[in-house]
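K.L.:
To be precise about what I am sending: the file is called coords.txt and holds compact mmCIF, C-alpha atoms.
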```
# COMPACT_ATOMS: atom_id res chain seq x y z
CA MET A 1 125.29 94.82 110.65
CA LYS A 2 128.85 95.64 109.75
CA THR A 3 129.53 97.22 106.42
CA ASP A 4 131.80 94.37 105.38
CA GLU A 5 129.03 91.88 106.05
CA LEU A 6 126.63 93.93 103.98
CA ILE A 7 129.12 94.08 101.12
CA GLY A 8 129.54 90.30 101.26
CA LEU A 9 125.79 89.89 101.13
CA LEU A 10 125.42 92.28 98.21
CA ALA A 11 128.25 90.60 96.30
CA ARG A 12 126.37 87.30 96.52
CA ASP A 13 123.29 88.99 95.12
CA ALA A 14 125.26 90.08 92.03
CA VAL A 15 123.23 88.53 89.26
CA PRO A 16 124.12 89.84 85.80
CA VAL A 17 122.30 93.03 84.88
CA VAL A 18 120.23 93.23 81.69
CA ARG A 19 121.77 95.92 79.47
CA GLY A 20 119.58 98.59 77.96
CA LEU A 21 116.54 97.65 80.01
CA LEU A 22 115.60 101.25 80.79
CA PRO A 23 115.14 102.60 77.23
CA ARG A 24 113.42 99.38 76.17
CA ARG A 25 110.96 99.51 79.07
CA LEU A 26 110.21 103.18 78.52
CA SER A 27 109.59 102.81 74.81
CA ALA A 28 107.44 99.71 75.33
CA LEU A 29 105.30 101.60 77.84
CA ALA A 30 105.08 104.67 75.60
CA LEU A 31 103.74 102.39 72.83
CA ALA A 32 101.36 100.76 75.30
CA GLY A 33 100.22 104.26 76.29
CA ALA A 34 99.58 105.07 72.64
CA ALA A 35 97.60 101.85 72.25
CA ALA A 36 95.57 102.64 75.36
CA ALA A 37 94.84 106.18 74.12
CA PHE A 38 93.78 104.73 70.77
CA VAL A 39 91.50 102.11 72.32
CA ILE A 40 89.82 104.73 74.52
CA MET A 41 89.55 107.31 71.75
CA VAL A 42 88.11 105.28 68.90
CA PRO A 43 84.81 104.16 70.49
CA LEU A 44 84.30 107.44 72.36
CA ILE A 45 85.05 110.11 69.79
CA GLY A 46 86.18 108.23 66.67
CA PHE A 47 88.47 109.32 63.85
CA ARG A 48 88.40 112.61 61.99
CA PRO A 49 85.87 112.29 59.16
CA ASP A 50 88.36 113.05 56.39
CA LEU A 51 90.82 110.45 57.55
CA PRO A 52 92.43 108.55 54.72
CA GLY A 53 92.61 111.79 52.73
CA ALA A 54 94.04 113.76 55.67
CA PHE A 55 97.25 111.75 55.50
CA ALA A 56 98.05 113.71 52.33
CA ASP A 57 97.52 117.01 54.16
CA PRO A 58 100.72 118.68 55.36
CA THR A 59 98.93 120.18 58.38
CA PHE A 60 98.24 116.66 59.66
CA TRP A 61 101.96 116.01 59.64
CA MET A 62 102.75 119.41 61.11
CA LYS A 63 100.70 118.43 64.16
CA ALA A 64 102.06 114.90 64.29
CA ILE A 65 105.68 116.03 64.07
CA TYR A 66 105.21 118.66 66.77
CA THR A 67 103.52 116.30 69.25
CA ALA A 68 105.71 113.31 68.47
CA GLY A 69 108.77 115.58 68.77
CA LEU A 70 107.67 116.61 72.27
CA GLY A 71 107.03 112.97 73.11
CA LEU A 72 110.52 112.05 71.93
CA ALA A 73 111.97 114.89 74.03
CA GLY A 74 110.01 113.48 77.00
CA PHE A 75 111.42 110.04 76.29
CA LEU A 76 115.01 111.31 76.21
CA LEU A 77 114.50 113.29 79.41
CA ALA A 78 112.75 110.46 81.26
CA GLU A 79 115.52 108.08 80.23
CA ARG A 80 118.29 110.41 81.43
CA LEU A 81 116.50 111.54 84.60
CA SER A 82 116.01 107.91 85.65
CA ARG A 83 119.79 107.65 85.97
CA PRO A 84 121.62 109.34 88.83
CA GLY A 85 124.19 111.89 87.71
CA ALA A 86 123.07 112.00 84.06
CA ASN A 87 121.96 115.19 82.36
CA GLY A 88 119.15 115.59 79.87
CA ARG A 89 120.60 118.23 77.60
CA LEU A 90 119.48 116.56 74.37
CA GLY A 91 115.89 116.24 75.57
CA TRP A 92 115.71 119.86 76.72
CA THR A 93 117.10 121.03 73.40
CA LEU A 94 114.60 118.99 71.39
CA ALA A 95 111.66 120.22 73.49
CA ALA A 96 112.81 123.82 73.03
CA VAL A 97 113.21 123.35 69.27
CA CYS A 98 109.69 121.89 68.96
CA ALA A 99 108.17 124.70 71.01
CA ALA A 100 110.05 127.39 69.07
CA ALA A 101 109.07 125.85 65.71
CA ILE A 102 105.35 125.69 66.47
CA ALA A 103 105.39 129.19 67.97
CA ALA A 104 107.11 130.56 64.85
CA LEU A 105 104.66 128.75 62.57
CA ALA A 106 101.68 130.01 64.55
CA ALA A 107 102.98 133.60 64.57
CA THR A 108 103.59 133.50 60.83
CA GLN A 109 100.07 132.28 60.15
CA LEU A 110 98.52 134.89 62.41
CA MET A 111 100.40 137.65 60.64
CA THR A 112 99.54 136.47 57.13
CA ILE A 113 95.83 135.63 57.38
CA PRO A 114 93.12 138.32 57.16
CA SER A 115 92.27 139.64 60.63
CA GLY A 116 88.71 138.32 60.35
CA GLN A 117 90.03 134.74 60.36
CA ILE A 118 92.21 135.13 63.43
CA PRO A 119 89.63 134.02 66.01
CA ALA A 120 88.90 130.88 63.99
CA ALA A 121 92.61 130.09 63.66
CA ILE A 122 93.05 130.40 67.41
CA LEU A 123 89.85 128.83 68.73
CA GLY A 124 88.93 126.44 65.92
CA GLY A 125 85.82 124.45 66.75
CA SER A 126 87.12 122.38 69.65
CA TRP A 127 89.38 124.55 71.80
CA ASP A 128 87.34 123.77 74.88
CA SER A 129 87.61 119.98 74.60
CA CYS A 130 91.01 119.46 72.96
CA PRO A 131 93.31 119.97 75.99
CA TRP A 132 91.12 117.87 78.26
CA LEU A 133 90.90 115.00 75.81
CA ILE A 134 94.66 114.97 75.32
CA PHE A 135 95.09 114.96 79.09
CA VAL A 136 92.63 112.12 79.70
CA LEU A 137 94.03 110.00 76.87
CA ALA A 138 97.51 110.43 78.35
CA LEU A 139 96.66 109.15 81.82
CA PRO A 140 97.04 105.38 81.30
CA GLY A 141 100.44 105.90 79.66
CA LEU A 142 101.51 108.33 82.38
CA ALA A 143 100.63 105.89 85.14
CA ALA A 144 102.51 103.07 83.42
CA ILE A 145 105.61 105.20 82.78
CA LEU A 146 105.75 106.48 86.36
CA TRP A 147 105.32 102.96 87.64
CA THR A 148 108.26 101.69 85.65
CA MET A 149 110.45 104.69 86.55
CA ARG A 150 110.11 103.72 90.22
CA ARG A 151 112.19 100.68 89.46
CA PHE A 152 115.02 102.87 88.21
CA ALA A 153 116.67 105.68 90.14
CA PRO A 154 115.33 109.19 89.44
CA THR A 155 117.12 111.53 91.85
CA ARG A 156 115.00 114.55 90.91
CA ALA A 157 111.51 113.20 91.43
CA THR A 158 109.47 116.21 90.34
CA LEU A 159 111.49 116.82 87.19
CA ALA A 160 111.51 113.13 86.29
CA GLY A 161 107.73 113.03 86.78
CA ALA A 162 107.37 116.05 84.49
CA ALA A 163 109.47 114.26 81.85
CA ALA A 164 107.18 111.24 82.14
CA GLY A 165 104.27 113.63 81.61
CA LEU A 166 105.90 115.12 78.52
CA LEU A 167 106.38 111.64 77.08
CA ALA A 168 102.83 110.52 77.87
CA GLY A 169 101.34 113.84 76.73
CA GLY A 170 103.25 113.89 73.44
CA VAL A 171 102.17 110.33 72.68
CA SER A 172 98.56 111.03 73.59
CA ALA A 173 98.41 114.23 71.53
CA THR A 174 99.83 112.39 68.52
CA VAL A 175 97.08 109.77 68.80
CA TYR A 176 94.52 112.53 69.31
CA GLY A 177 95.63 113.99 65.97
CA LEU A 178 93.79 111.07 64.35
CA HIS A 179 90.56 112.42 65.79
CA CYS A 180 91.02 116.17 65.65
CA ASP A 181 90.56 117.88 62.30
CA GLU A 182 91.81 121.32 63.33
CA ASN A 183 94.40 122.52 60.85
CA ALA A 184 95.60 125.92 62.08
CA ALA A 185 99.05 126.19 63.64
CA PRO A 186 97.91 128.74 66.28
CA PHE A 187 95.29 126.24 67.48
CA VAL A 188 97.90 123.51 67.81
CA ALA A 189 100.42 125.81 69.44
CA LEU A 190 97.89 126.79 72.09
CA TRP A 191 95.51 123.95 72.82
CA TYR A 192 97.62 120.91 72.01
CA SER A 193 100.42 122.44 74.05
CA LEU A 194 98.01 123.13 76.90
CA GLY A 195 96.84 119.50 76.93
CA ILE A 196 100.44 118.32 77.07
CA ALA A 197 101.19 120.91 79.76
CA PHE A 198 98.36 119.48 81.90
CA THR A 199 99.98 116.08 81.58
CA VAL A 200 103.41 117.47 82.46
CA VAL A 201 102.02 119.10 85.61
CA ALA A 202 100.16 115.92 86.59
CA GLY A 203 103.38 113.96 86.03
CA ALA A 204 105.39 116.39 88.15
CA VAL A 205 102.90 116.28 91.03
CA ALA A 206 102.58 112.49 90.93
CA GLY A 207 106.32 112.07 90.41
CA SER A 208 107.22 114.10 93.49
CA ARG A 209 105.15 111.63 95.49
CA VAL A 210 105.79 108.25 93.93
CA LEU A 211 109.33 108.49 92.56
CA ARG A 212 111.06 107.94 95.89
CA TRP A 213 113.50 105.18 96.60
CA MET B 1 132.02 97.81 88.07
CA LEU B 2 131.64 96.40 84.58
CA ARG B 3 132.55 92.89 85.71
CA GLY B 4 130.15 93.27 88.63
CA LEU B 5 127.36 94.22 86.20
CA GLY B 6 128.19 91.05 84.31
CA GLY B 7 127.55 89.02 87.47
CA ASP B 8 131.12 88.60 88.80
CA ALA B 9 130.49 88.48 92.56
CA ALA B 10 134.12 88.93 93.60
CA ALA B 11 134.59 91.98 91.39
CA HIS B 12 131.28 93.38 92.57
CA GLY B 13 132.26 92.96 96.22
CA GLU B 14 135.63 94.54 95.61
CA MET B 15 134.06 97.51 93.87
CA LEU B 16 131.61 98.00 96.76
CA GLY B 17 134.47 97.80 99.25
CA VAL B 18 136.45 100.52 97.50
CA LEU B 19 133.34 102.61 97.13
CA ALA B 20 132.51 102.21 100.83
CA PHE B 21 135.86 103.78 101.67
CA TYR B 22 135.34 106.82 99.45
CA LEU B 23 131.68 107.27 100.34
CA ARG B 24 132.54 107.20 104.03
CA GLY B 25 134.92 110.09 103.43
CA PHE B 26 132.44 111.97 101.27
CA LEU B 27 129.52 111.52 103.65
CA ALA B 28 131.61 112.32 106.73
CA ARG B 29 132.54 115.61 105.13
CA LYS B 30 128.92 116.45 104.44
CA MET B 31 127.38 115.16 107.65
CA GLY B 32 130.02 116.41 110.01
CA ARG B 33 132.68 114.22 111.49
CA GLY B 34 131.47 111.66 113.98
CA ALA B 35 127.83 111.89 112.92
CA ALA B 36 126.11 108.97 114.57
CA ASP B 37 124.33 108.01 111.37
CA LEU B 38 127.41 108.03 109.17
CA GLU B 39 127.85 104.29 108.84
CA ASP B 40 124.09 103.84 108.38
CA LEU B 41 124.19 106.18 105.45
CA VAL B 42 127.25 104.48 103.97
CA GLN B 43 125.31 101.22 104.14
CA GLU B 44 122.14 102.73 102.70
CA SER B 45 124.14 104.17 99.83
CA LEU B 46 125.85 100.86 99.11
CA LEU B 47 122.53 99.05 99.21
CA ALA B 48 121.02 101.57 96.78
CA ILE B 49 124.07 101.43 94.50
CA HIS B 50 123.72 97.66 94.44
CA LEU B 51 119.97 97.55 93.86
CA LYS B 52 119.99 100.35 91.27
CA ARG B 53 123.09 99.25 89.40
CA GLU B 54 121.13 98.70 86.20
CA THR B 55 120.71 102.49 85.93
CA TYR B 56 124.44 102.92 85.45
CA ASP B 57 125.06 103.85 81.85
CA THR B 58 128.50 102.54 80.92
CA SER B 59 129.15 105.59 78.72
CA GLN B 60 128.99 107.86 81.81
CA PRO B 61 131.64 108.40 84.47
CA PHE B 62 131.12 105.80 87.16
CA THR B 63 131.99 108.06 90.08
CA SER B 64 129.45 110.74 89.17
CA TRP B 65 126.76 108.05 89.06
CA ALA B 66 127.77 106.54 92.41
CA TYR B 67 128.14 109.90 94.14
CA ALA B 68 124.79 111.05 92.77
CA ILE B 69 123.21 108.09 94.56
CA ALA B 70 125.08 108.86 97.79
CA ARG B 71 124.03 112.50 97.51
CA TYR B 72 120.41 111.42 97.03
CA LYS B 73 120.59 109.33 100.19
CA LEU B 74 122.28 112.24 101.97
CA ILE B 75 119.53 114.67 101.01
CA ASP B 76 117.02 112.12 102.21
CA TRP B 77 118.90 112.00 105.49
CA TYR B 78 118.90 115.82 105.79
CA ARG B 79 115.17 115.75 105.22
CA ARG B 80 114.57 113.04 107.80
CA ASN B 81 116.62 114.91 110.32
CA ARG B 82 115.37 118.33 109.31
CA ILE B 83 118.88 119.60 109.10
CA ARG B 84 119.61 122.38 106.71
CA ARG B 85 122.45 121.73 104.37
CA THR B 86 125.57 123.58 105.42
CA GLU B 87 129.01 123.47 103.90
CA PRO B 88 131.79 122.52 106.31
CA LEU B 89 134.16 125.36 107.10
CA GLU B 90 137.46 123.65 107.56
CA GLU B 91 139.19 121.52 105.03
CA ALA B 92 140.67 119.62 107.95
CA THR B 93 137.68 117.32 108.28
CA GLU B 94 138.57 115.93 104.90
CA LEU B 95 141.85 114.58 106.23
CA PHE B 96 140.25 112.57 108.97
CA ALA B 97 137.09 111.67 107.15
CA SER B 98 138.14 108.46 105.51
CA GLU B 99 139.74 107.19 108.71
CA ALA B 100 136.36 106.94 110.39
CA SER B 101 136.00 103.40 111.50
CA ASN B 102 134.11 100.74 109.69
CA GLU B 103 133.04 99.46 113.08
CA ALA B 104 131.43 102.76 114.01
CA ALA B 105 128.17 102.40 115.81
CA THR B 106 125.18 102.29 113.56
CA ARG B 107 122.03 103.77 114.93
CA HIS B 108 119.00 102.50 113.13
CA ASP B 109 121.23 99.85 111.72
CA LEU B 110 120.28 97.62 108.83
CA GLY B 111 120.91 94.74 111.24
CA LYS B 112 117.97 95.86 113.34
CA LEU B 113 115.85 96.33 110.26
CA VAL B 114 116.65 92.75 109.28
CA SER B 115 114.87 91.61 112.43
CA THR B 116 111.64 93.19 111.12
CA LEU B 117 111.61 90.93 108.05
CA PRO B 118 109.31 87.92 107.95
CA ASP B 119 110.96 84.91 109.67
CA ARG B 120 111.72 82.93 106.56
CA GLN B 121 113.32 85.84 104.72
CA ARG B 122 115.24 86.85 107.81
CA SER B 123 116.70 83.43 108.49
CA LEU B 124 117.80 83.06 104.87
CA LEU B 125 119.45 86.45 104.94
CA GLU B 126 121.28 85.60 108.15
CA ASP B 127 122.40 82.21 106.88
CA VAL B 128 123.98 83.85 103.87
CA LYS B 129 125.28 86.92 105.65
CA ILE B 130 126.47 85.65 109.02
CA ALA B 131 126.97 81.92 108.56
CA GLY B 132 128.45 82.66 105.13
CA LEU B 133 126.54 79.85 103.43
CA SER B 134 126.37 79.85 99.66
CA HIS B 135 122.98 80.19 98.05
CA ALA B 136 123.02 76.46 97.32
CA GLU B 137 123.78 75.56 100.95
CA ALA B 138 121.17 77.96 102.29
CA ALA B 139 118.68 76.48 99.84
CA ARG B 140 119.37 72.92 101.03
CA LYS B 141 119.05 73.99 104.64
CA ALA B 142 115.73 75.74 104.06
CA GLY B 143 114.40 73.11 101.66
CA MET B 144 113.99 75.63 98.87
CA THR B 145 115.41 75.85 95.37
CA GLU B 146 118.50 77.96 94.88
CA GLY B 147 116.56 80.29 92.60
CA ALA B 148 113.94 80.85 95.29
CA VAL B 149 116.69 81.70 97.80
CA LYS B 150 118.17 84.24 95.41
CA VAL B 151 114.80 85.84 94.82
CA SER B 152 114.03 85.91 98.54
CA ILE B 153 117.33 87.57 99.40
CA HIS B 154 116.98 90.09 96.62
CA ARG B 155 113.46 90.96 97.83
CA SER B 156 114.72 91.26 101.39
CA LEU B 157 117.34 93.76 100.25
CA GLN B 158 114.71 95.83 98.49
CA VAL B 159 112.55 95.81 101.62
CA LEU B 160 115.56 96.87 103.69
CA MET B 161 116.23 99.81 101.39
CA ARG B 162 112.64 100.98 101.70
CA ARG B 163 112.54 100.48 105.47
CA ALA B 164 115.80 102.34 105.89
CA ARG B 165 114.13 105.44 104.53
CA GLY B 166 111.24 104.97 106.89
CA GLU B 167 108.62 103.47 104.62
CA ASN B 168 106.72 100.35 105.47
```
Could you quickly redo this structure as structure tokens?

P.N.:
Amino acid sequence: MKTDELIGLLARDAVPVVRGLLPRRLSALALAGAAAAFVIMVPLIGFRPDLPGAFADPTFWMKAIYTAGLGLAGFLLAERLSRPGANGRLGWTLAAVCAAAIAALAATQLMTIPSGQIPAAILGGSWDSCPWLIFVLALPGLAAILWTMRRFAPTRATLAGAAAGLLAGGVSATVYGLHCDENAAPFVALWYSLGIAFTVVAGAVAGSRVLRW
Amino acid sequence: MLRGLGGDAAAHGEMLGVLAFYLRGFLARKMGRGAADLEDLVQESLLAIHLKRETYDTSQPFTSWAYAIARYKLIDWYRRNRIRRTEPLEEATELFASEASNEAATRHDLGKLVSTLPDRQRSLLEDVKIAGLSHAEAARKAGMTEGAVKVSIHRSLQVLMRRARGEN
């Protein structure tokens, strides 16, 4: 086929493009991922026992802001990395700010509490299940986000997959905050972050395989 | 580009034509002059630019978007051919690069890939491409609706892009 023929063919296929489809798709699937995490979580492990009251607790919001902030950073990165030639500076910055904030908060708490309470602040009562639950709850969202990113044009497959993982993991961890009644910043900084990190790694590995076009 | 995104076929074709010229120069520089696959890669890039045009964010420079796609296809080509990326030594290649002929032989050739499409899709594609029929004429000939012809051709293009990179 000659190039001119191909161009003629492509020109005829020029249907108008829907503007803003990419961010709308991504946010719809992130919400669907949150809904899926919620639907899986509630019958299996339920809500935290102190729930309506916990909404008045600043530590609830500390966790929610940290995880939702990472999810938003993942959204910004996934949106940018699905476009050839775009850079994700804003997303990187937001992720770094979230990580620095929780690390600073955790360090401050560890330095101010009596040393006898340090193990409890780090391990809480659920350190061994928290990261896994966040990871599992993130999987439906991760699969959906990767699937939709295939339609777009990520040129750095592994990185784009990792961004999808950050988005799915942040969303899942935010939903998980409705179940988990751990309040200490060091716990969140370690185990929530680890659960999200699992999702990021899974996204990167899956992305390097499926995000080809 | 903007008018093409809005569905203006003539503007879209014109944009692709101009882009083909620059991409041929760019790819020739990277692949080495006279690379047998040059025109194939120009075509693969154009096909990808067309099919992925919804990822162009109008607030970004158009050329960096288009070249990023060509570069992606180029890296894919390096990988397929197990060639390590090397920078050309002489600037001279740049001068001749964009003169490389449009008619240059294509090796795995999208035209050959077209023949691997299912009969119905293939004949529609050839009616529109070679016979130059409009979608409406091709639809009448095949006894399909115009919408179905458009969908079929669009699907065929997506299949071609995947086959070009060696997937099934």

K.L.:
Just give me the gap between CA of Leu159 in chain A and CA of Ala32 in chain A in Å, one decimal is fine.

P.N.:
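These two atoms are separated by 22.4 Å.
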
K.L.:
Once you count all atoms listed in the file, which residues of chain B turn out to be within 6 Å of chain A? Could you give them as a list in words?

P.N.:
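Applying the cut-off to the listed atoms yields Leu5, Gly6, Gly7, Ala9, His12, Gly13, Glu54, Thr55, Ser64, Trp65, Ala68, Gly111 and Lys129 of chain B.
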
K.L.:
List the spatial neighbours of Val151 in chain B as a ChimeraX atom specification - criterion: any atom at most 12 Å away, only C-alpha atoms, same-chain residues fewer than 4 positions off excluded.

P.N.:
/A:12-15 /B:121,124-125,135,139,144-147,155-158

K.L.:
Using all atoms listed in the file, can you tell me which of A:Ala168, A:Leu110, A:Cys98, A:Ala162 comes closest to Leu81 in chain A?

P.N.:
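Answer, going by the shortest atom-to-atom distance: A:Ala162.
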
K.L.:
Taking the point (102.5, 117.9, 64.7) as given in the file, collect each protein or nucleic acid residue that comes within 12 Å of it, counting only C-alpha atoms, and present the set as a VMD selection string.

P.N.:
chain A and resid 57 to 71 98 to 99 101 to 102 105 170 to 178 180 182 to 189 192 to 193

K.L.:
Write a file of the selected residues as a short mmCIF file (atom, residue, chain, number, x, y, z; two decimals), in the frame of the given file, keeping C-alpha atoms.

P.N.:
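Printed below is out13.cif as written:
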```cif
data_model
loop_
_atom_site.label_atom_id
_atom_site.label_comp_id
_atom_site.auth_asym_id
_atom_site.auth_seq_id
_atom_site.Cartn_x
_atom_site.Cartn_y
_atom_site.Cartn_z
CA ASP A 57 97.52 117.01 54.16
CA PRO A 58 100.72 118.68 55.36
CA THR A 59 98.93 120.18 58.38
CA PHE A 60 98.24 116.66 59.66
CA TRP A 61 101.96 116.01 59.64
CA MET A 62 102.75 119.41 61.11
CA LYS A 63 100.70 118.43 64.16
CA ALA A 64 102.06 114.90 64.29
CA ILE A 65 105.68 116.03 64.07
CA TYR A 66 105.21 118.66 66.77
CA THR A 67 103.52 116.30 69.25
CA ALA A 68 105.71 113.31 68.47
CA GLY A 69 108.77 115.58 68.77
CA LEU A 70 107.67 116.61 72.27
CA GLY A 71 107.03 112.97 73.11
CA CYS A 98 109.69 121.89 68.96
CA ALA A 99 108.17 124.70 71.01
CA ALA A 101 109.07 125.85 65.71
CA ILE A 102 105.35 125.69 66.47
CA LEU A 105 104.66 128.75 62.57
CA GLY A 170 103.25 113.89 73.44
CA VAL A 171 102.17 110.33 72.68
CA SER A 172 98.56 111.03 73.59
CA ALA A 173 98.41 114.23 71.53
CA THR A 174 99.83 112.39 68.52
CA VAL A 175 97.08 109.77 68.80
CA TYR A 176 94.52 112.53 69.31
CA GLY A 177 95.63 113.99 65.97
CA LEU A 178 93.79 111.07 64.35
CA CYS A 180 91.02 116.17 65.65
CA GLU A 182 91.81 121.32 63.33
CA ASN A 183 94.40 122.52 60.85
CA ALA A 184 95.60 125.92 62.08
CA ALA A 185 99.05 126.19 63.64
CA PRO A 186 97.91 128.74 66.28
CA PHE A 187 95.29 126.24 67.48
CA VAL A 188 97.90 123.51 67.81
CA ALA A 189 100.42 125.81 69.44
CA TYR A 192 97.62 120.91 72.01
CA SER A 193 100.42 122.44 74.05
#
```

K.L.:
Pick out the closest residue to Ala144 in chain A from this set: A:Gly203, A:Gly124, A:Ile196, A:Gly74. Count all atoms listed in the file.

P.N.:
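Among the listed residues, A:Gly203 lies closest to Ala144 in chain A.
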
K.L.:
Rounded to one decimal in Å, what is the spacing between CA of Ala160 in chain A and CA of Ala78 in chain A?

P.N.:
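Interatomic distance, CA of Ala160 in chain A to CA of Ala78 in chain A: 5.8 Å.
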
K.L.:
Quick one: distance from CA of Ala206 in chain A to CA of His50 in chain B in Å, one decimal?

P.N.:
26.1 Å

K.L.:
I'd like to know which of B:Ala48, B:Ala66, B:Leu41, B:Ala36 is closest to Val159 in chain B, using only C-alpha atoms.

P.N.:
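That would be B:Ala48, the residue with the smallest distance to Val159 in chain B.
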